[in-house]
$ cat my_file04.txt   # compact mmCIF, C-alpha atoms
# COMPACT_ATOMS: atom_id res chain seq x y z
CA MET A 12 -15.73 10.82 -5.78
CA ARG A 13 -12.23 9.49 -6.17
CA ARG A 14 -9.92 8.67 -3.35
CA TYR A 15 -6.25 9.47 -3.60
CA GLU A 16 -3.33 8.63 -1.43
CA LEU A 17 -0.55 11.16 -1.38
CA VAL A 18 2.70 10.16 0.27
CA PHE A 19 5.44 12.71 0.63
CA VAL A 20 8.81 12.77 2.33
CA LEU A 21 10.09 15.92 3.98
CA ALA A 22 13.76 16.69 4.48
CA PRO A 23 15.22 15.70 7.88
CA THR A 24 16.73 19.17 8.28
CA LEU A 25 13.32 20.48 9.34
CA THR A 26 12.23 20.53 12.96
CA GLU A 27 9.12 18.68 14.16
CA GLU A 28 7.17 21.95 14.29
CA GLU A 29 8.18 22.85 10.77
CA VAL A 30 7.03 19.42 9.59
CA ASP A 31 3.63 19.90 11.23
CA GLU A 32 3.44 23.33 9.67
CA GLN A 33 4.18 21.96 6.21
CA VAL A 34 1.66 19.15 6.56
CA ASP A 35 -1.03 21.58 7.72
CA MET A 36 -0.15 23.88 4.86
CA TYR A 37 -0.53 21.14 2.26
CA SER A 38 -3.79 19.84 3.68
CA LYS A 39 -5.08 23.41 3.67
CA VAL A 40 -4.10 23.72 0.00
CA ALA A 41 -6.03 20.50 -0.71
CA VAL A 42 -9.13 21.84 1.04
CA ASP A 43 -8.85 25.17 -0.77
CA MET A 44 -8.75 23.36 -4.10
CA GLY A 45 -11.97 21.55 -3.31
CA ALA A 46 -10.75 18.23 -1.93
CA GLU A 47 -11.77 16.61 1.32
CA VAL A 48 -9.03 15.42 3.63
CA ALA A 49 -10.07 11.97 4.78
CA ASP A 50 -6.98 11.16 6.78
CA VAL A 51 -3.53 12.50 7.67
CA ASP A 52 -1.04 9.89 8.76
CA LYS A 53 2.32 11.13 10.02
CA TRP A 54 4.89 8.39 10.29
CA GLY A 55 7.54 10.62 11.79
CA LYS A 56 11.23 10.39 11.00
CA ARG A 57 12.20 7.25 9.16
CA ARG A 58 15.45 5.98 7.68
CA LEU A 59 15.53 6.04 3.88
CA ALA A 60 16.51 2.90 1.99
CA PHE A 61 19.06 4.95 0.06
CA PRO A 62 20.23 8.57 0.25
CA VAL A 63 17.96 11.06 -1.48
CA GLN A 64 19.48 14.48 -2.20
CA LYS A 65 22.20 13.54 0.32
CA HIS A 66 19.61 13.02 3.07
CA LYS A 67 19.61 9.76 4.99
CA ASP A 68 16.28 10.20 6.82
CA GLY A 69 12.94 11.74 6.03
CA TYR A 70 9.62 12.61 7.58
CA TYR A 71 6.93 10.50 5.92
CA THR A 72 3.35 11.70 5.68
CA VAL A 73 0.36 10.04 4.04
CA LEU A 74 -2.50 12.31 3.00
CA THR A 75 -5.74 10.59 2.02
CA LEU A 76 -7.93 12.83 -0.11
CA ASP A 77 -11.40 12.60 -1.61
CA GLU A 78 -11.77 14.58 -4.77
CA GLU A 79 -13.77 14.70 -7.97
CA GLY A 80 -11.56 16.02 -10.75
CA GLY A 81 -7.97 15.73 -9.57
CA VAL A 82 -7.35 19.49 -9.50
CA ALA A 83 -6.07 19.51 -5.94
CA ILE A 84 -3.77 16.57 -6.67
CA ALA A 85 -2.29 18.39 -9.67
CA GLU A 86 -1.75 21.53 -7.60
CA LEU A 87 -0.16 19.63 -4.73
CA GLU A 88 2.13 17.75 -7.10
CA ARG A 89 3.19 21.04 -8.64
CA ARG A 90 3.96 22.45 -5.19
CA PHE A 91 5.86 19.33 -4.17
CA LYS A 92 8.00 19.64 -7.29
CA VAL A 93 8.81 23.26 -6.50
CA SER A 94 9.36 22.83 -2.78
CA ASP A 95 12.85 22.23 -1.41
CA ALA A 96 11.49 20.63 1.75
CA VAL A 97 9.81 17.75 -0.11
CA ILE A 98 12.40 15.25 -1.25
CA ARG A 99 10.07 12.53 -2.59
CA PHE A 100 6.35 12.24 -3.25
CA LEU A 101 3.86 9.82 -4.80
CA ALA A 102 0.18 10.26 -5.57
CA VAL A 103 -1.90 7.15 -6.20
CA ARG A 104 -5.60 6.77 -6.91
CA ILE A 105 -6.87 4.05 -4.60
CA ASP A 106 -10.68 4.02 -4.82
CA GLU A 107 -10.82 1.27 -7.44
CA GLU A 108 -8.42 -0.90 -5.52
CA LEU A 109 -10.51 -0.38 -2.37
CA LYS A 110 -13.63 -1.31 -4.32
CA ARG A 111 -11.99 -4.51 -5.48
CA VAL A 112 -10.96 -5.38 -1.93
CA ARG A 113 -14.48 -4.74 -0.64
CA LYS A 114 -15.99 -6.87 -3.40
CA PHE A 115 -13.60 -9.66 -2.55
CA GLU A 116 -14.57 -9.43 1.12
CA THR A 117 -18.32 -9.50 0.49
CA ARG A 118 -17.89 -12.46 -1.83
CA LYS A 119 -15.87 -14.26 0.81
CA GLU A 120 -18.56 -13.57 3.41
CA ALA A 121 -21.29 -14.80 1.09
CA ARG A 122 -19.33 -17.95 0.42
CA GLN A 123 -18.94 -18.62 4.13
CA LYS A 124 -22.62 -18.00 4.75
CA ARG A 125 -23.59 -20.32 1.94
CA ARG A 126 -21.29 -22.96 3.25
CA SER A 127 -22.60 -22.80 6.80
CA ARG A 128 -26.16 -22.96 5.50
CA ALA A 129 -25.28 -26.00 3.39
CA ALA A 130 -23.70 -27.65 6.40
CA ARG A 131 -26.83 -27.04 8.47
CA SER A 132 -29.22 -28.33 5.82
CA THR A 133 -27.40 -31.66 5.53
CA GLU A 134 -27.62 -34.21 8.30
CA GLN A 135 -26.32 -33.20 11.70
CA PRO A 136 -23.45 -35.72 12.04
CA VAL A 137 -21.93 -34.51 8.76
CA ALA A 138 -21.97 -30.94 9.96
CA LYS A 139 -20.42 -32.03 13.23
CA GLU A 140 -17.67 -33.89 11.45
CA GLU A 141 -16.22 -30.80 9.78
CA PRO A 142 -16.97 -27.74 11.86
CA GLU A 143 -14.35 -25.40 10.37
CA THR A 144 -13.61 -25.37 6.66
CA ASP A 145 -12.93 -21.75 5.90
CA LYS A 146 -9.48 -22.47 4.54
CA GLU A 147 -9.09 -22.60 0.82
CA MET B 20 15.32 -16.88 1.49
CA ILE B 21 11.81 -17.81 0.47
CA LYS B 22 11.20 -21.47 -0.09
CA ARG B 23 9.24 -22.68 -3.05
CA LYS B 24 5.53 -22.38 -2.40
CA LYS B 25 2.71 -23.95 -4.30
CA PHE B 26 -0.05 -21.57 -3.30
CA CYS B 27 -0.50 -17.93 -3.97
CA LYS B 28 -0.33 -15.60 -0.98
CA LEU B 29 -2.78 -13.13 -2.45
CA CYS B 30 -5.36 -15.79 -3.13
CA ILE B 31 -5.43 -17.03 0.45
CA GLY B 32 -6.56 -13.75 1.90
CA LYS B 33 -3.79 -11.18 1.69
CA TYR B 34 -5.40 -9.70 -1.39
CA HIS B 35 -4.18 -6.15 -0.97
CA TYR B 36 -0.53 -5.43 -1.54
CA ASP B 37 0.28 -2.16 0.15
CA TYR B 38 3.23 -0.21 -1.23
CA LYS B 39 3.60 1.50 2.16
CA ASP B 40 4.27 -1.78 3.96
CA ALA B 41 8.00 -2.15 3.32
CA ARG B 42 8.47 -5.04 5.70
CA PHE B 43 5.78 -7.09 4.02
CA LEU B 44 7.09 -6.36 0.54
CA SER B 45 10.69 -7.09 1.46
CA GLN B 46 9.86 -10.80 1.52
CA PHE B 47 9.50 -10.60 -2.25
CA LEU B 48 12.99 -9.19 -2.66
CA SER B 49 16.21 -11.11 -3.01
CA ASP B 50 19.29 -10.28 -0.95
CA ASN B 51 20.35 -7.87 -3.67
CA GLY B 52 17.03 -6.09 -3.52
CA ARG B 53 15.73 -7.58 -6.76
CA ILE B 54 12.16 -8.78 -7.16
CA ILE B 55 11.96 -12.55 -6.83
CA PRO B 56 10.43 -14.21 -9.90
CA ARG B 57 7.04 -15.78 -9.88
CA ARG B 58 8.33 -19.30 -10.35
CA ILE B 59 9.99 -19.09 -6.94
CA THR B 60 7.48 -17.07 -4.92
CA GLY B 61 4.61 -19.10 -6.32
CA ALA B 62 2.38 -16.05 -6.78
CA CYS B 63 -0.26 -16.13 -9.48
CA ALA B 64 0.09 -13.71 -12.37
CA PRO B 65 -2.26 -10.96 -11.07
CA CYS B 66 -0.62 -11.13 -7.65
CA GLN B 67 2.87 -10.96 -9.04
CA ARG B 68 1.87 -7.92 -11.06
CA LYS B 69 0.53 -6.23 -7.93
CA ILE B 70 3.66 -7.11 -5.99
CA THR B 71 5.78 -5.64 -8.76
CA THR B 72 3.94 -2.31 -8.89
CA ALA B 73 3.88 -2.11 -5.10
CA VAL B 74 7.63 -2.75 -4.87
CA LYS B 75 8.34 -0.16 -7.53
CA ARG B 76 6.24 2.44 -5.76
CA ALA B 77 7.94 1.66 -2.47
CA ARG B 78 11.33 2.04 -4.14
CA HIS B 79 10.43 5.44 -5.45
CA LEU B 80 9.55 6.52 -1.91
CA ALA B 81 12.89 5.18 -0.63
CA LEU B 82 11.10 2.60 1.49
CA LEU B 83 12.83 -0.23 -0.34
CA PRO B 84 16.25 -0.22 -2.00
CA TYR B 85 16.79 -0.34 -5.74
CA VAL B 86 20.03 -2.23 -5.13
CA ARG B 87 21.55 -3.69 -1.99
CA ARG B 88 25.15 -4.73 -2.07
$ encode --input "my_file04.txt" --output "structure tokens"
Amino acid sequence: MRRYELVFVLAPTLTEEEVDEQVDMYSKVAVDMGAEVADVDKWGKRRLAFPVQKHKDGYYTVLTLDEEGGVAIAELERRFKVSDAVIRFLAVRIDEELKRVRKFETRKEARQKRRSRAARSTEQPVAKEEPETDKE
Amino acid sequence: MIKRKKFCKLCIGKYHYDYKDARFLSQFLSDNGRIIPRRITGACAPCQRKITTAVKRARHLALLPYVRR
């Protein structure tokens, strides 16, 4: 299973209800194409760093999807390209990055555990002398 | 402006550079909106690479500027 993050920006000319409608529509498309929606994060209206298609603001939404083959992503990208409401979008595969982060965290934990064990095994005054050394 | 640093930010715990976090990434941009080189930020090569891709993704989404005058 691969995890994708799909960020898209909707035009500020839409109303809040229309934005919700669009987001629901796209998540429904994802589900229909065999993806699982892990998370929907609506940022609301946000100022753009530069004008896009003459718009100065945009509604940002982050869709997190779990999918096997990338069919739903392809379909959503196609729809985003066609749609007038979507002014910018970006799809990124994030599962490998997440894996790397998790690996890093477990390694860090293991290191800390090892260190505390080492501190305990040595004589007590030494351990007392340096209680916190988790900075590196 | 960022002062010269001798350690790498990524290596001291902030190991995930998120392209959605514009405020965090903006510290790697100069006043003109250009990416600050490695020799000034002090990031290690893998980190700088991640910063660069993250900044470029953020720019595409109009979260960060391509140029600021």
$ closest_atom_pairs --input "my_file04.txt" --of "chain B" --to "chain A" --cutoff "8 Å" --atoms "only C-alpha atoms" --output "JSON lines"
{"residue": "B:Ile31", "atom": "CA", "partner": "A:Glu147", "partner_atom": "CA", "distance": 6.7}
{"residue": "B:Tyr34", "atom": "CA", "partner": "A:Val112", "partner_atom": "CA", "distance": 7.1}
{"residue": "B:His35", "atom": "CA", "partner": "A:Val112", "partner_atom": "CA", "distance": 6.9}
{"residue": "B:Arg76", "atom": "CA", "partner": "A:Leu101", "partner_atom": "CA", "distance": 7.8}
{"residue": "B:His79", "atom": "CA", "partner": "A:Arg99", "partner_atom": "CA", "distance": 7.7}
{"residue": "B:Leu80", "atom": "CA", "partner": "A:Arg99", "partner_atom": "CA", "distance": 6.1}
{"residue": "B:Ala81", "atom": "CA", "partner": "A:Ala60", "partner_atom": "CA", "distance": 5.0}
{"residue": "B:Leu82", "atom": "CA", "partner": "A:Ala60", "partner_atom": "CA", "distance": 5.4}
{"residue": "B:Leu83", "atom": "CA", "partner": "A:Ala60", "partner_atom": "CA", "distance": 5.4}
{"residue": "B:Pro84", "atom": "CA", "partner": "A:Ala60", "partner_atom": "CA", "distance": 5.1}
$ atom_distance --input "my_file04.txt" --atom1 "atom CA of A:Ala41" --atom2 "atom CA of A:Val93"
16.2 Å
$ closest_residue --input "my_file04.txt" --among "A:Tyr37, A:Arg14, A:Ile105, A:Glu28" --to "A:Glu79" --atoms "all atoms listed in the file"
A:Arg14
$ atom_distance --input "my_file04.txt" --atom1 "atom CA of A:Asp50" --atom2 "atom CA of B:Ala41"
20.3 Å
$ closest_residue --input "my_file04.txt" --among "A:Ala22, A:Val97, A:Leu74, A:Val40" --to "A:Lys53" --atoms "all atoms listed in the file"
A:Leu74
$ residues_around --input "my_file04.txt" --residues "B:Asp50" --least-positions-apart "3" --cutoff "10 Å" --atoms "all atoms listed in the file" --output "CSV table (one decimal) with C-alpha atoms, in the frame of the given file"
chain,number,residue,atom,x,y,z
B,20,MET,CA,15.3,-16.9,1.5
B,45,SER,CA,10.7,-7.1,1.5
B,46,GLN,CA,9.9,-10.8,1.5
B,47,PHE,CA,9.5,-10.6,-2.2
B,53,ARG,CA,15.7,-7.6,-6.8
B,54,ILE,CA,12.2,-8.8,-7.2
B,55,ILE,CA,12.0,-12.6,-6.8
B,86,VAL,CA,20.0,-2.2,-5.1
B,87,ARG,CA,21.6,-3.7,-2.0
B,88,ARG,CA,25.2,-4.7,-2.1
$ residues_around --input "my_file04.txt" --residues "B:Asp40" --least-positions-apart "2" --cutoff "10 Å" --atoms "all atoms listed in the file" --output "ChimeraX atom specification"
/B:36-38,42-45,73-74,77,82-83
$ atom_distance --input "my_file04.txt" --atom1 "atom CA of A:Tyr15" --atom2 "atom CA of A:Asp77"
6.3 Å
$ axis_aligned_box --input "my_file04.txt" --around "stretch 28-32 of chain A" --padding-each-side "6 Å" --output "JSON"
{"center_x": 5.8, "center_y": 21.4, "center_z": 11.9, "size_x": 16.7, "size_y": 15.9, "size_z": 16.7}
